[in-house]
Every structure is written in C-alpha cells, then in structure tokens.
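J.: Following this line is structure_23.cif, made up of mmCIF, N, CA, C and O atoms:
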```cif
data_input
#
loop_
_atom_site.label_atom_id
_atom_site.label_comp_id
_atom_site.auth_asym_id
_atom_site.auth_seq_id
_atom_site.Cartn_x
_atom_site.Cartn_y
_atom_site.Cartn_z
N MET A 233 -30.50 6.41 53.62
CA MET A 233 -30.16 6.27 55.02
C MET A 233 -30.89 5.04 55.55
O MET A 233 -32.10 4.95 55.50
N SER A 234 -30.13 4.09 56.03
CA SER A 234 -30.73 2.86 56.53
C SER A 234 -31.15 3.02 57.98
O SER A 234 -30.77 3.96 58.66
N THR A 235 -31.92 2.04 58.43
CA THR A 235 -32.33 2.02 59.83
C THR A 235 -31.11 1.97 60.73
O THR A 235 -31.10 2.58 61.81
N LEU A 236 -30.07 1.28 60.29
CA LEU A 236 -28.85 1.18 61.09
C LEU A 236 -28.22 2.54 61.33
O LEU A 236 -27.63 2.78 62.38
N THR A 237 -28.33 3.44 60.38
CA THR A 237 -27.75 4.77 60.58
C THR A 237 -28.68 5.67 61.39
O THR A 237 -28.22 6.63 61.99
N LEU A 238 -29.98 5.36 61.41
CA LEU A 238 -30.91 6.17 62.18
C LEU A 238 -30.75 5.94 63.68
O LEU A 238 -30.89 6.87 64.47
N VAL A 239 -30.46 4.71 64.08
CA VAL A 239 -30.37 4.40 65.51
C VAL A 239 -29.29 5.24 66.21
O VAL A 239 -29.58 5.89 67.21
N PRO A 240 -28.04 5.28 65.69
CA PRO A 240 -27.05 6.14 66.35
C PRO A 240 -27.42 7.62 66.30
O PRO A 240 -27.13 8.38 67.23
N MET A 241 -28.08 8.04 65.22
CA MET A 241 -28.48 9.44 65.12
C MET A 241 -29.49 9.77 66.21
O MET A 241 -29.36 10.78 66.90
N PHE A 242 -30.49 8.91 66.40
CA PHE A 242 -31.48 9.17 67.43
C PHE A 242 -30.86 9.08 68.82
O PHE A 242 -31.23 9.85 69.71
N ALA A 243 -29.92 8.19 69.00
CA ALA A 243 -29.21 8.11 70.28
C ALA A 243 -28.46 9.42 70.54
O ALA A 243 -28.48 9.95 71.65
N ALA A 244 -27.82 9.94 69.51
CA ALA A 244 -27.08 11.20 69.65
C ALA A 244 -28.03 12.36 69.92
O ALA A 244 -27.77 13.20 70.78
N LEU A 245 -29.13 12.40 69.20
CA LEU A 245 -30.08 13.51 69.35
C LEU A 245 -30.91 13.39 70.62
O LEU A 245 -31.52 14.37 71.06
N GLY A 246 -30.92 12.21 71.23
CA GLY A 246 -31.68 12.00 72.45
C GLY A 246 -31.04 12.61 73.69
O GLY A 246 -31.67 12.67 74.74
N ASP A 247 -29.82 13.06 73.57
CA ASP A 247 -29.13 13.69 74.69
C ASP A 247 -29.50 15.18 74.73
O ASP A 247 -29.36 15.88 73.72
N GLU A 248 -29.94 15.65 75.88
CA GLU A 248 -30.41 17.03 76.01
C GLU A 248 -29.32 18.06 75.68
O GLU A 248 -29.58 19.07 75.01
N THR A 249 -28.09 17.79 76.10
CA THR A 249 -27.00 18.73 75.81
C THR A 249 -26.72 18.78 74.32
O THR A 249 -26.56 19.87 73.74
N ARG A 250 -26.67 17.61 73.67
CA ARG A 250 -26.42 17.61 72.23
C ARG A 250 -27.56 18.31 71.49
O ARG A 250 -27.32 19.00 70.49
N TRP A 251 -28.79 18.13 71.95
CA TRP A 251 -29.91 18.81 71.31
C TRP A 251 -29.76 20.32 71.45
O TRP A 251 -29.99 21.06 70.50
N SER A 252 -29.33 20.78 72.64
CA SER A 252 -29.10 22.21 72.85
C SER A 252 -28.00 22.73 71.94
O SER A 252 -28.11 23.84 71.39
N ILE A 253 -26.97 21.94 71.77
CA ILE A 253 -25.87 22.33 70.86
C ILE A 253 -26.40 22.44 69.44
O ILE A 253 -26.10 23.41 68.73
N LEU A 254 -27.19 21.48 69.02
CA LEU A 254 -27.75 21.49 67.67
C LEU A 254 -28.64 22.71 67.47
O LEU A 254 -28.57 23.38 66.43
N GLU A 255 -29.45 23.03 68.47
CA GLU A 255 -30.30 24.23 68.38
C GLU A 255 -29.44 25.49 68.27
O GLU A 255 -29.75 26.38 67.47
N ALA A 256 -28.39 25.56 69.08
CA ALA A 256 -27.51 26.74 69.02
C ALA A 256 -26.84 26.86 67.66
O ALA A 256 -26.74 27.95 67.10
N LEU A 257 -26.41 25.73 67.11
CA LEU A 257 -25.79 25.76 65.78
C LEU A 257 -26.80 26.09 64.69
O LEU A 257 -26.42 26.58 63.62
N GLY A 258 -28.07 25.84 64.96
CA GLY A 258 -29.11 26.21 64.01
C GLY A 258 -29.19 27.72 63.82
O GLY A 258 -29.67 28.21 62.80
N GLU A 259 -28.70 28.45 64.81
CA GLU A 259 -28.68 29.92 64.72
C GLU A 259 -27.45 30.43 63.99
O GLU A 259 -27.37 31.60 63.65
N GLY A 260 -26.47 29.56 63.78
CA GLY A 260 -25.27 29.96 63.05
C GLY A 260 -24.08 29.12 63.46
O GLY A 260 -24.05 28.53 64.55
N ASP A 261 -23.09 29.07 62.59
CA ASP A 261 -21.87 28.30 62.85
C ASP A 261 -21.19 28.83 64.11
O ASP A 261 -21.26 30.03 64.40
N ALA A 262 -20.53 27.93 64.84
CA ALA A 262 -19.86 28.35 66.07
C ALA A 262 -18.76 27.36 66.43
O ALA A 262 -18.78 26.20 66.01
N SER A 263 -17.81 27.83 67.20
CA SER A 263 -16.75 26.97 67.73
C SER A 263 -17.21 26.36 69.06
O SER A 263 -18.20 26.81 69.65
N ALA A 264 -16.47 25.37 69.54
CA ALA A 264 -16.78 24.77 70.83
C ALA A 264 -16.68 25.83 71.93
O ALA A 264 -17.51 25.86 72.85
N SER A 265 -15.70 26.71 71.84
CA SER A 265 -15.54 27.77 72.85
C SER A 265 -16.74 28.71 72.85
O SER A 265 -17.24 29.09 73.91
N ALA A 266 -17.19 29.10 71.66
CA ALA A 266 -18.34 29.99 71.57
C ALA A 266 -19.59 29.31 72.13
O ALA A 266 -20.39 29.94 72.84
N LEU A 267 -19.76 28.03 71.83
CA LEU A 267 -20.91 27.30 72.35
C LEU A 267 -20.84 27.18 73.86
O LEU A 267 -21.85 27.29 74.55
N ALA A 268 -19.65 26.95 74.39
CA ALA A 268 -19.48 26.85 75.85
C ALA A 268 -19.83 28.16 76.54
O ALA A 268 -20.29 28.16 77.68
N GLY A 269 -19.65 29.26 75.84
CA GLY A 269 -20.02 30.55 76.40
C GLY A 269 -21.52 30.75 76.46
O GLY A 269 -22.02 31.57 77.23
N ARG A 270 -22.25 30.00 75.64
CA ARG A 270 -23.71 30.14 75.57
C ARG A 270 -24.45 29.08 76.35
O ARG A 270 -25.62 29.25 76.68
N LEU A 271 -23.79 27.96 76.60
CA LEU A 271 -24.44 26.82 77.27
C LEU A 271 -23.76 26.53 78.60
O LEU A 271 -22.57 26.81 78.76
N PRO A 272 -24.48 25.95 79.53
CA PRO A 272 -23.90 25.66 80.85
C PRO A 272 -23.07 24.37 80.86
O PRO A 272 -23.26 23.49 81.69
N VAL A 273 -22.15 24.27 79.90
CA VAL A 273 -21.33 23.07 79.75
C VAL A 273 -19.91 23.53 79.43
O VAL A 273 -19.72 24.53 78.74
N SER A 274 -18.91 22.78 79.90
CA SER A 274 -17.52 23.16 79.63
C SER A 274 -17.18 23.00 78.15
O SER A 274 -17.84 22.25 77.43
N ARG A 275 -16.13 23.69 77.73
CA ARG A 275 -15.69 23.59 76.35
C ARG A 275 -15.30 22.17 76.01
O ARG A 275 -15.58 21.67 74.92
N GLN A 276 -14.65 21.47 76.94
CA GLN A 276 -14.23 20.08 76.70
C GLN A 276 -15.45 19.17 76.50
O GLN A 276 -15.45 18.31 75.62
N ALA A 277 -16.48 19.37 77.31
CA ALA A 277 -17.70 18.57 77.16
C ALA A 277 -18.39 18.89 75.83
O ALA A 277 -18.86 17.99 75.13
N ILE A 278 -18.42 20.18 75.48
CA ILE A 278 -19.01 20.59 74.19
C ILE A 278 -18.26 19.90 73.06
O ILE A 278 -18.88 19.36 72.12
N ALA A 279 -16.93 19.88 73.11
CA ALA A 279 -16.13 19.26 72.06
C ALA A 279 -16.46 17.77 71.93
O ALA A 279 -16.57 17.24 70.81
N LYS A 280 -16.66 17.09 73.04
CA LYS A 280 -17.02 15.67 73.00
C LYS A 280 -18.40 15.48 72.38
O LYS A 280 -18.61 14.58 71.57
N HIS A 281 -19.34 16.32 72.77
CA HIS A 281 -20.69 16.23 72.20
C HIS A 281 -20.66 16.53 70.70
O HIS A 281 -21.35 15.88 69.91
N LEU A 282 -19.86 17.51 70.30
CA LEU A 282 -19.75 17.84 68.88
C LEU A 282 -19.16 16.67 68.09
O LEU A 282 -19.58 16.40 66.96
N ALA A 283 -18.22 15.95 68.68
CA ALA A 283 -17.64 14.78 68.02
C ALA A 283 -18.70 13.72 67.78
O ALA A 283 -18.73 13.08 66.72
N VAL A 284 -19.60 13.54 68.73
CA VAL A 284 -20.69 12.56 68.57
C VAL A 284 -21.62 13.02 67.45
O VAL A 284 -22.00 12.22 66.58
N LEU A 285 -21.99 14.30 67.47
CA LEU A 285 -22.88 14.83 66.42
C LEU A 285 -22.23 14.75 65.05
O LEU A 285 -22.90 14.46 64.05
N GLU A 286 -20.93 14.97 64.99
CA GLU A 286 -20.23 14.88 63.71
C GLU A 286 -20.15 13.43 63.25
O GLU A 286 -20.33 13.14 62.06
N ALA A 287 -19.95 12.51 64.18
CA ALA A 287 -19.86 11.09 63.82
C ALA A 287 -21.16 10.56 63.22
O ALA A 287 -21.12 9.68 62.35
N VAL A 288 -22.29 11.08 63.66
CA VAL A 288 -23.57 10.61 63.10
C VAL A 288 -24.02 11.44 61.91
O VAL A 288 -25.06 11.18 61.32
N GLY A 289 -23.22 12.45 61.54
CA GLY A 289 -23.47 13.18 60.30
C GLY A 289 -24.44 14.34 60.37
O GLY A 289 -24.95 14.75 59.34
N VAL A 290 -24.70 14.87 61.55
CA VAL A 290 -25.62 16.01 61.61
C VAL A 290 -24.90 17.36 61.74
O VAL A 290 -25.53 18.40 61.60
N VAL A 291 -23.60 17.33 62.03
CA VAL A 291 -22.80 18.55 61.99
C VAL A 291 -21.49 18.24 61.27
O VAL A 291 -21.09 17.08 61.15
N GLU A 292 -20.86 19.29 60.78
CA GLU A 292 -19.54 19.15 60.19
C GLU A 292 -18.66 20.27 60.70
O GLU A 292 -19.15 21.32 61.10
N SER A 293 -17.37 20.00 60.70
CA SER A 293 -16.43 21.00 61.20
C SER A 293 -15.61 21.56 60.04
O SER A 293 -15.43 20.91 59.02
N GLU A 294 -15.14 22.78 60.27
CA GLU A 294 -14.27 23.44 59.30
C GLU A 294 -13.27 24.27 60.08
O GLU A 294 -13.64 25.00 61.00
N THR A 295 -12.02 24.13 59.72
CA THR A 295 -10.98 24.91 60.38
C THR A 295 -10.89 26.27 59.70
O THR A 295 -10.72 26.37 58.49
N VAL A 296 -11.03 27.32 60.50
CA VAL A 296 -10.94 28.70 60.03
C VAL A 296 -9.84 29.36 60.85
O VAL A 296 -10.05 29.69 62.01
N GLY A 297 -8.66 29.49 60.25
CA GLY A 297 -7.52 29.99 61.00
C GLY A 297 -7.14 28.99 62.08
O GLY A 297 -6.93 27.82 61.79
N ARG A 298 -7.14 29.43 63.33
CA ARG A 298 -6.80 28.54 64.44
C ARG A 298 -8.04 27.97 65.11
O ARG A 298 -7.96 27.25 66.09
N GLU A 299 -9.21 28.29 64.58
CA GLU A 299 -10.47 27.91 65.20
C GLU A 299 -11.17 26.82 64.38
O GLU A 299 -11.14 26.83 63.16
N VAL A 300 -11.78 25.89 65.07
CA VAL A 300 -12.61 24.88 64.40
C VAL A 300 -14.06 25.29 64.63
O VAL A 300 -14.52 25.42 65.76
N ARG A 301 -14.75 25.54 63.52
CA ARG A 301 -16.15 25.96 63.59
C ARG A 301 -17.02 24.81 63.12
O ARG A 301 -16.65 24.05 62.25
N TYR A 302 -18.20 24.74 63.71
CA TYR A 302 -19.15 23.67 63.41
C TYR A 302 -20.40 24.25 62.80
O TYR A 302 -20.82 25.37 63.13
N ARG A 303 -21.02 23.46 61.91
CA ARG A 303 -22.28 23.87 61.29
C ARG A 303 -23.19 22.65 61.21
O ARG A 303 -22.74 21.52 61.12
N VAL A 304 -24.48 22.93 61.23
CA VAL A 304 -25.49 21.88 61.12
C VAL A 304 -25.60 21.45 59.66
O VAL A 304 -25.57 22.29 58.76
N LEU A 305 -25.73 20.16 59.43
CA LEU A 305 -25.98 19.64 58.09
C LEU A 305 -27.48 19.42 57.94
O LEU A 305 -28.01 18.36 58.27
N GLY A 306 -28.15 20.45 57.47
CA GLY A 306 -29.60 20.41 57.33
C GLY A 306 -30.09 19.29 56.45
O GLY A 306 -31.17 18.74 56.69
N SER A 307 -29.31 18.90 55.46
CA SER A 307 -29.75 17.84 54.55
C SER A 307 -29.92 16.52 55.28
O SER A 307 -30.84 15.77 55.01
N GLN A 308 -29.04 16.23 56.24
CA GLN A 308 -29.15 15.00 57.02
C GLN A 308 -30.40 15.04 57.90
O GLN A 308 -31.12 14.05 58.01
N LEU A 309 -30.65 16.17 58.51
CA LEU A 309 -31.83 16.30 59.35
C LEU A 309 -33.11 16.26 58.51
O LEU A 309 -34.10 15.65 58.91
N ALA A 310 -33.08 16.86 57.34
CA ALA A 310 -34.23 16.83 56.45
C ALA A 310 -34.52 15.41 55.97
O ALA A 310 -35.68 14.99 55.91
N GLU A 311 -33.47 14.65 55.67
CA GLU A 311 -33.66 13.26 55.25
C GLU A 311 -34.26 12.44 56.39
O GLU A 311 -35.14 11.62 56.17
N THR A 312 -33.81 12.68 57.60
CA THR A 312 -34.36 11.97 58.76
C THR A 312 -35.84 12.33 58.93
O THR A 312 -36.67 11.46 59.18
N ALA A 313 -36.16 13.60 58.76
CA ALA A 313 -37.56 14.04 58.87
C ALA A 313 -38.41 13.37 57.79
O ALA A 313 -39.54 12.94 58.07
N ARG A 314 -37.90 13.25 56.57
CA ARG A 314 -38.64 12.57 55.50
C ARG A 314 -38.89 11.11 55.86
O ARG A 314 -39.98 10.59 55.62
N ARG A 315 -37.87 10.45 56.42
CA ARG A 315 -38.04 9.05 56.84
C ARG A 315 -39.12 8.92 57.90
O ARG A 315 -39.96 8.03 57.86
N LEU A 316 -39.11 9.83 58.88
CA LEU A 316 -40.13 9.80 59.93
C LEU A 316 -41.51 10.09 59.36
O LEU A 316 -42.50 9.46 59.77
N ASP A 317 -41.61 11.02 58.43
CA ASP A 317 -42.89 11.31 57.78
C ASP A 317 -43.42 10.08 57.05
O ASP A 317 -44.62 9.80 57.09
N ALA A 318 -42.54 9.36 56.37
CA ALA A 318 -42.95 8.15 55.65
C ALA A 318 -43.47 7.10 56.62
O ALA A 318 -44.48 6.43 56.35
N ILE A 319 -42.80 6.94 57.74
CA ILE A 319 -43.25 5.98 58.76
C ILE A 319 -44.62 6.41 59.29
O ILE A 319 -45.54 5.59 59.42
N GLY A 320 -44.77 7.69 59.57
CA GLY A 320 -46.05 8.20 60.05
C GLY A 320 -47.17 8.01 59.04
O GLY A 320 -48.29 7.64 59.40
N ALA A 321 -46.88 8.25 57.77
CA ALA A 321 -47.88 8.07 56.72
C ALA A 321 -48.31 6.61 56.62
O ALA A 321 -49.49 6.31 56.42
N GLU A 322 -47.36 5.70 56.76
CA GLU A 322 -47.69 4.27 56.70
C GLU A 322 -48.58 3.88 57.88
O GLU A 322 -49.55 3.15 57.72
N TRP A 323 -48.28 4.40 59.07
CA TRP A 323 -49.13 4.13 60.23
C TRP A 323 -50.52 4.70 60.02
O TRP A 323 -51.52 4.06 60.35
N ASP A 324 -50.61 5.91 59.49
CA ASP A 324 -51.92 6.51 59.22
C ASP A 324 -52.71 5.65 58.24
O ASP A 324 -53.92 5.45 58.42
N ARG A 325 -52.04 5.13 57.21
CA ARG A 325 -52.71 4.27 56.23
C ARG A 325 -53.24 3.02 56.91
O ARG A 325 -54.39 2.61 56.70
N ARG A 326 -52.41 2.40 57.73
CA ARG A 326 -52.83 1.17 58.42
C ARG A 326 -53.99 1.43 59.38
O ARG A 326 -54.93 0.65 59.46
N LEU A 327 -53.90 2.51 60.14
CA LEU A 327 -54.97 2.83 61.08
C LEU A 327 -56.28 3.13 60.36
O LEU A 327 -57.37 2.76 60.83
N ALA A 328 -56.20 3.80 59.22
CA ALA A 328 -57.41 4.08 58.43
C ALA A 328 -58.03 2.77 57.95
O ALA A 328 -59.26 2.62 57.95
N ALA A 329 -57.21 1.80 57.54
CA ALA A 329 -57.71 0.50 57.10
C ALA A 329 -58.39 -0.23 58.26
O ALA A 329 -59.46 -0.83 58.09
N ILE A 330 -57.79 -0.18 59.43
CA ILE A 330 -58.38 -0.81 60.62
C ILE A 330 -59.72 -0.15 60.95
O ILE A 330 -60.70 -0.83 61.27
N LYS A 331 -59.77 1.18 60.84
CA LYS A 331 -61.00 1.90 61.11
C LYS A 331 -62.10 1.48 60.15
O LYS A 331 -63.25 1.25 60.55
N ARG A 332 -61.76 1.38 58.84
CA ARG A 332 -62.76 0.97 57.85
C ARG A 332 -63.29 -0.42 58.17
O ARG A 332 -64.48 -0.67 58.09
N ILE A 333 -62.40 -1.34 58.54
CA ILE A 333 -62.81 -2.70 58.87
C ILE A 333 -63.72 -2.69 60.10
O ILE A 333 -64.78 -3.33 60.12
N ALA A 334 -63.32 -1.96 61.14
CA ALA A 334 -64.10 -1.92 62.37
C ALA A 334 -65.48 -1.31 62.13
O ALA A 334 -66.47 -1.78 62.68
N GLU A 335 -65.56 -0.28 61.32
CA GLU A 335 -66.83 0.38 61.06
C GLU A 335 -67.75 -0.47 60.17
O GLU A 335 -68.97 -0.31 60.21
N SER A 336 -67.17 -1.37 59.40
CA SER A 336 -67.99 -2.20 58.51
C SER A 336 -68.57 -3.41 59.25
O SER A 336 -69.44 -4.09 58.72
N LEU A 337 -68.10 -3.68 60.45
CA LEU A 337 -68.61 -4.84 61.22
C LEU A 337 -69.91 -4.55 61.86
O LEU A 337 -70.47 -3.83 62.31
#
```
Spit out the file's structure as structure tokens when you get a sec.
T.:
Amino acid sequence: MSTLTLVPMFAALGDETRWSILEALGEGDASASALAGRLPVSRQAIAKHLAVLEAVGVVESETVGREVRYRVLGSQLAETARRLDAIGAEWDRRLAAIKRIAESL
C-alpha cells in the first residue's frame, strides 16, 4: 500500500459518519437500509458513504437476493495499522537518538 493510497483512505475515514458506518459494520455485515435504521443518516446518504468506503478498499459489497450487504475488509485496516506502527517506530527511533545526543552534551 503506497502513500498515495493512504491519503484517500484517511480522507474517507476522517469523516465522522463514515467512521460510524465502519464501526457499525465492525459488528456485522449490513445493508444501507439496516445501517440507516441504526444511524441518524438517510439511506441515500449511507449508500454514498458506503461507496466512498468501498472505493478506498475498506468495505466490500455482496448482493444477497435483492439486498446489497456490506462488510469491513479487516485486512486493509490491519495493513494500514501496520504502516502507522512502522511510522511510529521510526519516530521513536529518531527521538531516542536525539535524546542520546542531547544527554551526551
């Protein structure tokens, strides 16, 4: 996953409604209608938010009969978390080096 793919993902996840949708889907697969029943957002707005989340690869849809159900793609979120952990570890390494230099002066 390149930095270019992380930027749209963070933009998508930075929206409070999309984050709420993602949390709700974390509890189990659901349709836009089912999500609209749980969240204070219209079904049409939920569908638009789901399209954004699907476009950045954190949810996927599956047609079950006449219903389109959505599920979270944990592997994408886990990969993003690993990338953030690596960035954090690099910052920790750099800060530790700065601390050693400062303490040796």
J.: Quick one: of A:Val300, A:Met241, A:Leu257, A:Leu327, who's nearest to Leu285 of chain A, counting all atoms listed in the file?
T.: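 Selected residue with least distance to Leu285 of chain A: A:Met241.
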J.: What is the distance between atom CA of Phe242 of chain A and atom CA of Val304 of chain A, in Å to one decimal?
T.: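 One can read the atom CA of Phe242 of chain A to atom CA of Val304 of chain A distance as 15.4 Å.
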J.: I need the residues in chain A that are alpha helix (DSSP H) according to DSSP; give them as number ranges by chain.
T.: A: 235-245, 248-258, 264-270, 275-287, 306-336
J.: Distance atom CA of Thr249 of chain A-atom CA of Thr295 of chain A, one decimal place?
T.: 23.1 Å
J.: Interatomic distance between atom CA of Ile330 of chain A and atom CA of Ala313 of chain A?
T.: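 Distance between the two atoms: 25.6 Å.
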J.: Nearest residue to Glu294 of chain A out of A:Ala262, A:Ala321, A:Ala329, A:Ala277, using only N, CA, C and O atoms?
T.: A:Ala262
J.: Looking at A:Arg303, A:Glu335, A:Ala256, A:Ala264, which one is nearest to Gln276 of chain A, with distances taken over all atoms listed in the file?
T.: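 Smallest distance to Gln276 of chain A is found for A:Ala264.
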J.: So which residues of chain A fall under strand (DSSP E) by DSSP, listed as number ranges by chain?
T.: A: 262-263, 291-296, 299-304
J.: When you count all atoms listed in the file, which of these residues is closest to Leu271 of chain A: A:Ser252, A:Gly289, A:Glu259, A:Val284?
T.: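 Ranked by minimum distance to Leu271 of chain A, first place goes to A:Ser252.
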J.: Of the candidates A:Ser263, A:Leu305, A:Thr237, A:Ala318, which shows the shortest atom-to-atom distance to Ala279 of chain A, using all atoms listed in the file?
T.: A:Ser263
